[in-house]
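Visitor: Here it is: the structure, laid out below.
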Amino acid sequence: MSNRRNIHNNMFQDTSQTPLCNHLTLHEAFVRNRNSSQPWKKPSQQDSTPALKDEFVGLTNTGLNCSVNVLLQTLYMIPEYKDIIMRYGRKSNLKEMDNSVLYKLYQVFQNLNSKKEVVRVEEFVQCLKLHHINVEFQMDVEELFRSLMHMIQEEQKCINRSVSPAETEVEETNIFSFTTEEHTVCSECESEFTQKEEMLNIPLSLHNPACDTPYESIEKSFEAFFSYHQLDQENAFYCDKCEWKTKTKQQCRMAYFPKVLCFQLKRFGYSTNLRKSVKISDSMTFPERCKISNKHRGQEDESIYDLFSVIVHRGTAYFGHYYAYIRHLPEREWYYFNDEIVTKASWKDIEISFGSSKHSYLGDDCSL
């Protein structure tokens, strides 16, 4: 991948006292709705009211583990992912593995299933520390997500190697990954080069780097990410056939659509004027239902996704607090998860996290 698509590590941070979204999780809508004859309806907006005791419970915050909590709640609320983790957790050899992150995740999910009281996460956090993930410092949620998925996949491989082929679990624990194909065509000899890369999310810029104009919506930013780009001058591509750097056209496409698609809004960067890292609070809107198109060589694939989770950060590029809005898929209602607190929420609550161009470098609550 070229540098223009490099992921900023400061994926989930922001600056002031208002909400800005920086991370969106979309659930593939046709997993449930493809065979339904009922038209999709927008959930009714309602005032935030406490969630019922038999619905969902919160997670304890022992200090700076809010990033862990929003990720745990998001993963738990994905039915397919929760079912896979619960099946793996019941395997006898998993409990015997030293410091198993997968088993500790299973225990958290099991406690959340009880829906009796706030669930303690100290053992899960301690297990992360044993794997050199120190959550005593504010963790970047995107970085934590990638690290956790990698550890779980490695444990899954160990489990499958220890059982007979007939007992091997064929279903992957990672329903988020997808492959991108970056196609580069030399303008001189028309040679084509293809590079594949596994990804867990799509990093979306808030501004067009060519003219510094805002994209304003994830649809426009997504379209720009997968559109053709001309590479020349200092960005020229070295052609092996021509044996020099030539003008090239470059386009990225998704080889297939994942069941759950994650977007990262790149709200963090470095200000040369201020000489420090900043959080960009410019407005970036997103819908509750999104059609994702994949165009290449005159062909177009598309898939429809429902917005499932919005992770929000309140604070600056250096510190702050995470919380999340997550949709309960069966009833399609939104819930607000903030450590121990769980309440019902409305779409109006989520719209606040779009951001505002009036205070581009302030510490608002931003969707990440």
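The chains in the structure tokens are called A, B, ... from first to last as shown; in each chain the residues are counted from 1, and the ligands are counted from 1 in the order shown.
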Quick check for you: according to DSSP on this backbone, which residues of range 87-280 of chain A are classed as alpha helix (DSSP H)? Reply as a PyMOL selection string.
Guide: chain A and resi 87-89+92-96+101-114+122-130+141-161+218-225
Visitor: For Glu198 in chain A, work out the shell of residues within 8 Å, counting only C-alpha atoms and skipping chain neighbours fewer than 2 positions away, then give it as a PyMOL selection string.
Guide: chain A and resi 177-180+196+200
Visitor: Taking the chain letters and numbering used in this document, name the residues of range 198-331 of chain A that DSSP puts in strand (DSSP E or B), as a VMD selection string.
Guide: chain A and resid 198 to 199 202 to 204 207 214 217 229 to 231 237 to 239 244 to 246 248 to 254 260 to 265 268 to 271 276 to 279 285 289 to 296 299 to 315 320 to 328
Visitor: At a cut-off of 12 Å, using only C-alpha atoms, what residues contact Phe145 in chain A? Leave out same-chain residues fewer than 4 positions from it and give the result as a list in words.
Guide: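 Skipping anything fewer than 4 positions along the chain leaves Asn9, Met11, Phe12, His23, Ser67, Val68, Asn69, Val70, Leu71, Leu72, Thr74, Leu75, Leu128, Ile133, Met139, Asp140, Val141, Met149, His150, Met151, Ile152, Asn174, Phe176, Ser177, Met199, Leu200, Asn201, Cys262 and Gln264 of chain A.
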Visitor: Write out, as a short mmCIF file (atom, residue, chain, number, x, y, z; two decimals), in the first residue's frame, the residues just selected, with C-alpha atoms.
Guide:
data_model
loop_
_atom_site.label_atom_id
_atom_site.label_comp_id
_atom_site.auth_asym_id
_atom_site.auth_seq_id
_atom_site.Cartn_x
_atom_site.Cartn_y
_atom_site.Cartn_z
CA ASN A 9 -1.72 5.07 15.38
CA MET A 11 -6.86 6.27 15.76
CA PHE A 12 -9.31 6.94 18.57
CA HIS A 23 -14.45 4.35 14.60
CA SER A 67 -10.59 1.47 25.57
CA VAL A 68 -10.67 -2.20 26.57
CA ASN A 69 -14.26 -1.87 27.77
CA VAL A 70 -15.69 -0.36 24.58
CA LEU A 71 -13.94 -3.02 22.50
CA LEU A 72 -15.21 -5.86 24.74
CA THR A 74 -18.67 -4.15 20.82
CA LEU A 75 -17.32 -7.68 20.27
CA LEU A 128 -3.25 -8.42 28.24
CA ILE A 133 -0.19 -4.87 26.13
CA MET A 139 -4.51 2.63 24.66
CA ASP A 140 -5.29 3.42 21.06
CA VAL A 141 -8.44 1.35 20.37
CA MET A 149 -7.34 -10.18 16.87
CA HIS A 150 -3.77 -11.34 16.21
CA MET A 151 -3.47 -13.06 19.61
CA ILE A 152 -6.82 -14.79 19.24
CA ASN A 174 -11.88 -13.22 12.80
CA PHE A 176 -13.49 -8.64 10.34
CA SER A 177 -10.54 -9.30 8.02
CA MET A 199 -6.70 -5.56 6.56
CA LEU A 200 -8.96 -5.30 9.60
CA ASN A 201 -10.37 -1.85 8.89
CA CYS A 262 -14.76 -1.46 10.37
CA GLN A 264 -11.34 4.26 11.14
#
Visitor: For range 205-214 of chain A, work out the shell of residues within 10 Å, counting only C-alpha atoms and skipping chain neighbours fewer than 3 positions away, then give it as a VMD selection string.
Guide: chain A and resid 4 to 5 7 202 217 to 218 220 to 222 224 to 225 264 to 268 280 to 284 357
Visitor: For the residues in the current selection, export N, CA, C and O atoms as a short mmCIF file (atom, residue, chain, number, x, y, z; two decimals), in the first residue's frame.
Guide:
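Printed below is selection-v5.cif as written:
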data_model
loop_
_atom_site.label_atom_id
_atom_site.label_comp_id
_atom_site.auth_asym_id
_atom_site.auth_seq_id
_atom_site.Cartn_x
_atom_site.Cartn_y
_atom_site.Cartn_z
N ARG A 4 -0.18 7.14 1.26
CA ARG A 4 -1.41 7.90 1.47
C ARG A 4 -2.45 7.09 2.25
O ARG A 4 -3.42 7.65 2.74
N ARG A 5 -2.24 5.76 2.36
CA ARG A 5 -3.21 4.94 3.07
C ARG A 5 -2.67 4.43 4.40
O ARG A 5 -3.26 3.59 5.03
N ILE A 7 -2.07 3.94 8.18
CA ILE A 7 -2.98 4.15 9.30
C ILE A 7 -2.27 4.92 10.39
O ILE A 7 -1.19 4.56 10.82
N ILE A 202 -10.76 -0.03 7.38
CA ILE A 202 -10.44 0.90 6.31
C ILE A 202 -10.20 2.28 6.92
O ILE A 202 -11.11 2.85 7.53
N SER A 217 -18.46 13.27 4.48
CA SER A 217 -19.22 12.04 4.73
C SER A 217 -18.32 10.85 4.49
O SER A 217 -17.37 10.91 3.69
N ILE A 218 -18.61 9.72 5.17
CA ILE A 218 -17.78 8.54 4.98
C ILE A 218 -17.97 7.97 3.57
O ILE A 218 -17.05 7.33 3.04
N LYS A 220 -18.16 9.66 0.74
CA LYS A 220 -17.24 10.37 -0.16
C LYS A 220 -15.79 9.97 0.13
O LYS A 220 -14.99 9.79 -0.80
N SER A 221 -15.45 9.82 1.40
CA SER A 221 -14.09 9.43 1.75
C SER A 221 -13.80 8.00 1.30
O SER A 221 -12.71 7.69 0.82
N PHE A 222 -14.78 7.12 1.44
CA PHE A 222 -14.63 5.73 1.01
C PHE A 222 -14.43 5.66 -0.50
O PHE A 222 -13.56 4.93 -1.00
N ALA A 224 -13.19 7.95 -2.40
CA ALA A 224 -11.87 8.48 -2.72
C ALA A 224 -10.77 7.45 -2.42
O ALA A 224 -9.78 7.34 -3.15
N PHE A 225 -10.94 6.70 -1.36
CA PHE A 225 -9.95 5.69 -0.97
C PHE A 225 -9.77 4.65 -2.06
O PHE A 225 -8.66 4.17 -2.32
N GLN A 264 -12.09 3.41 10.21
CA GLN A 264 -11.34 4.26 11.14
C GLN A 264 -11.27 5.66 10.53
O GLN A 264 -10.73 5.85 9.44
N LEU A 265 -11.81 6.65 11.22
CA LEU A 265 -11.70 8.03 10.76
C LEU A 265 -10.38 8.60 11.27
O LEU A 265 -10.12 8.62 12.47
N LYS A 266 -9.55 9.08 10.37
CA LYS A 266 -8.19 9.53 10.72
C LYS A 266 -8.24 10.96 11.27
O LYS A 266 -7.95 11.93 10.59
N ARG A 267 -8.62 11.04 12.54
CA ARG A 267 -8.79 12.35 13.18
C ARG A 267 -7.52 12.85 13.84
O ARG A 267 -7.53 13.90 14.47
N PHE A 268 -6.44 12.15 13.73
CA PHE A 268 -5.23 12.56 14.42
C PHE A 268 -4.08 12.76 13.45
O PHE A 268 -3.88 11.98 12.52
N ILE A 280 -8.49 16.24 14.97
CA ILE A 280 -9.28 17.02 14.01
C ILE A 280 -10.76 16.73 14.25
O ILE A 280 -11.20 15.59 14.10
N SER A 281 -11.51 17.76 14.61
CA SER A 281 -12.92 17.59 14.96
C SER A 281 -13.86 17.95 13.83
O SER A 281 -15.06 18.12 14.05
N ASP A 282 -13.36 18.08 12.60
CA ASP A 282 -14.22 18.44 11.48
C ASP A 282 -15.35 17.42 11.30
O ASP A 282 -15.19 16.24 11.59
N SER A 283 -16.46 17.90 10.79
CA SER A 283 -17.65 17.06 10.65
C SER A 283 -17.44 15.95 9.63
O SER A 283 -16.88 16.17 8.55
N MET A 284 -17.86 14.74 10.00
CA MET A 284 -17.87 13.60 9.09
C MET A 284 -19.15 12.81 9.37
O MET A 284 -19.28 12.14 10.38
N SER A 357 -16.98 21.65 11.99
CA SER A 357 -15.86 22.38 11.39
C SER A 357 -15.61 23.72 12.08
O SER A 357 -14.62 24.39 11.80
#
Visitor: Quick one: residues within 8 Å of range 104-106 of chain A, only C-alpha atoms counted, chain neighbours fewer than 5 positions away excluded, as a list in words?
Guide: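 With the cut-off at 8 Å, the set is Ile85, Met86, Tyr88, Gly89, Glu123, Phe124 and Cys127 of chain A.
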Visitor: Nearest to Leu261 in chain A among A:Asp83, A:Glu331, A:Glu219, A:Asp306, with distances taken over only C-alpha atoms: which residue is it?
Guide: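 Smallest separation from Leu261 in chain A among the options: A:Asp306.
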Visitor: How many Å separate CA of Asn338 in chain A from CA of Glu55 in chain A?
Guide: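 For CA of Asn338 in chain A relative to CA of Glu55 in chain A, the distance reads 15.2 Å.
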Visitor: For Gly58 in chain A, which of A:Val118, A:Cys189, A:Leu24, A:Ile311 is the closest residue, counting only C-alpha atoms?
Guide: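 Comparing A:Val118, A:Cys189, A:Leu24, A:Ile311 against Gly58 in chain A, the winner is A:Val118.
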Visitor: What's the 10 Å shell around Gln195 in chain A, counting only C-alpha atoms, without same-chain residues fewer than 6 positions away, as a ChimeraX atom specification?
Guide: /A:1,180-184,252
Visitor: I'd like the interatomic distance between CA of Val310 in chain A and CA of Ala324 in chain A, to a tenth of an Å.
Guide: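 So the two atoms, CA of Val310 in chain A and CA of Ala324 in chain A, lie 5.6 Å apart.
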Visitor: What separation in Å, quoted to one decimal, exists between CA of Val119 in chain A and CA of Gly63 in chain A?
Guide: 14.8 Å
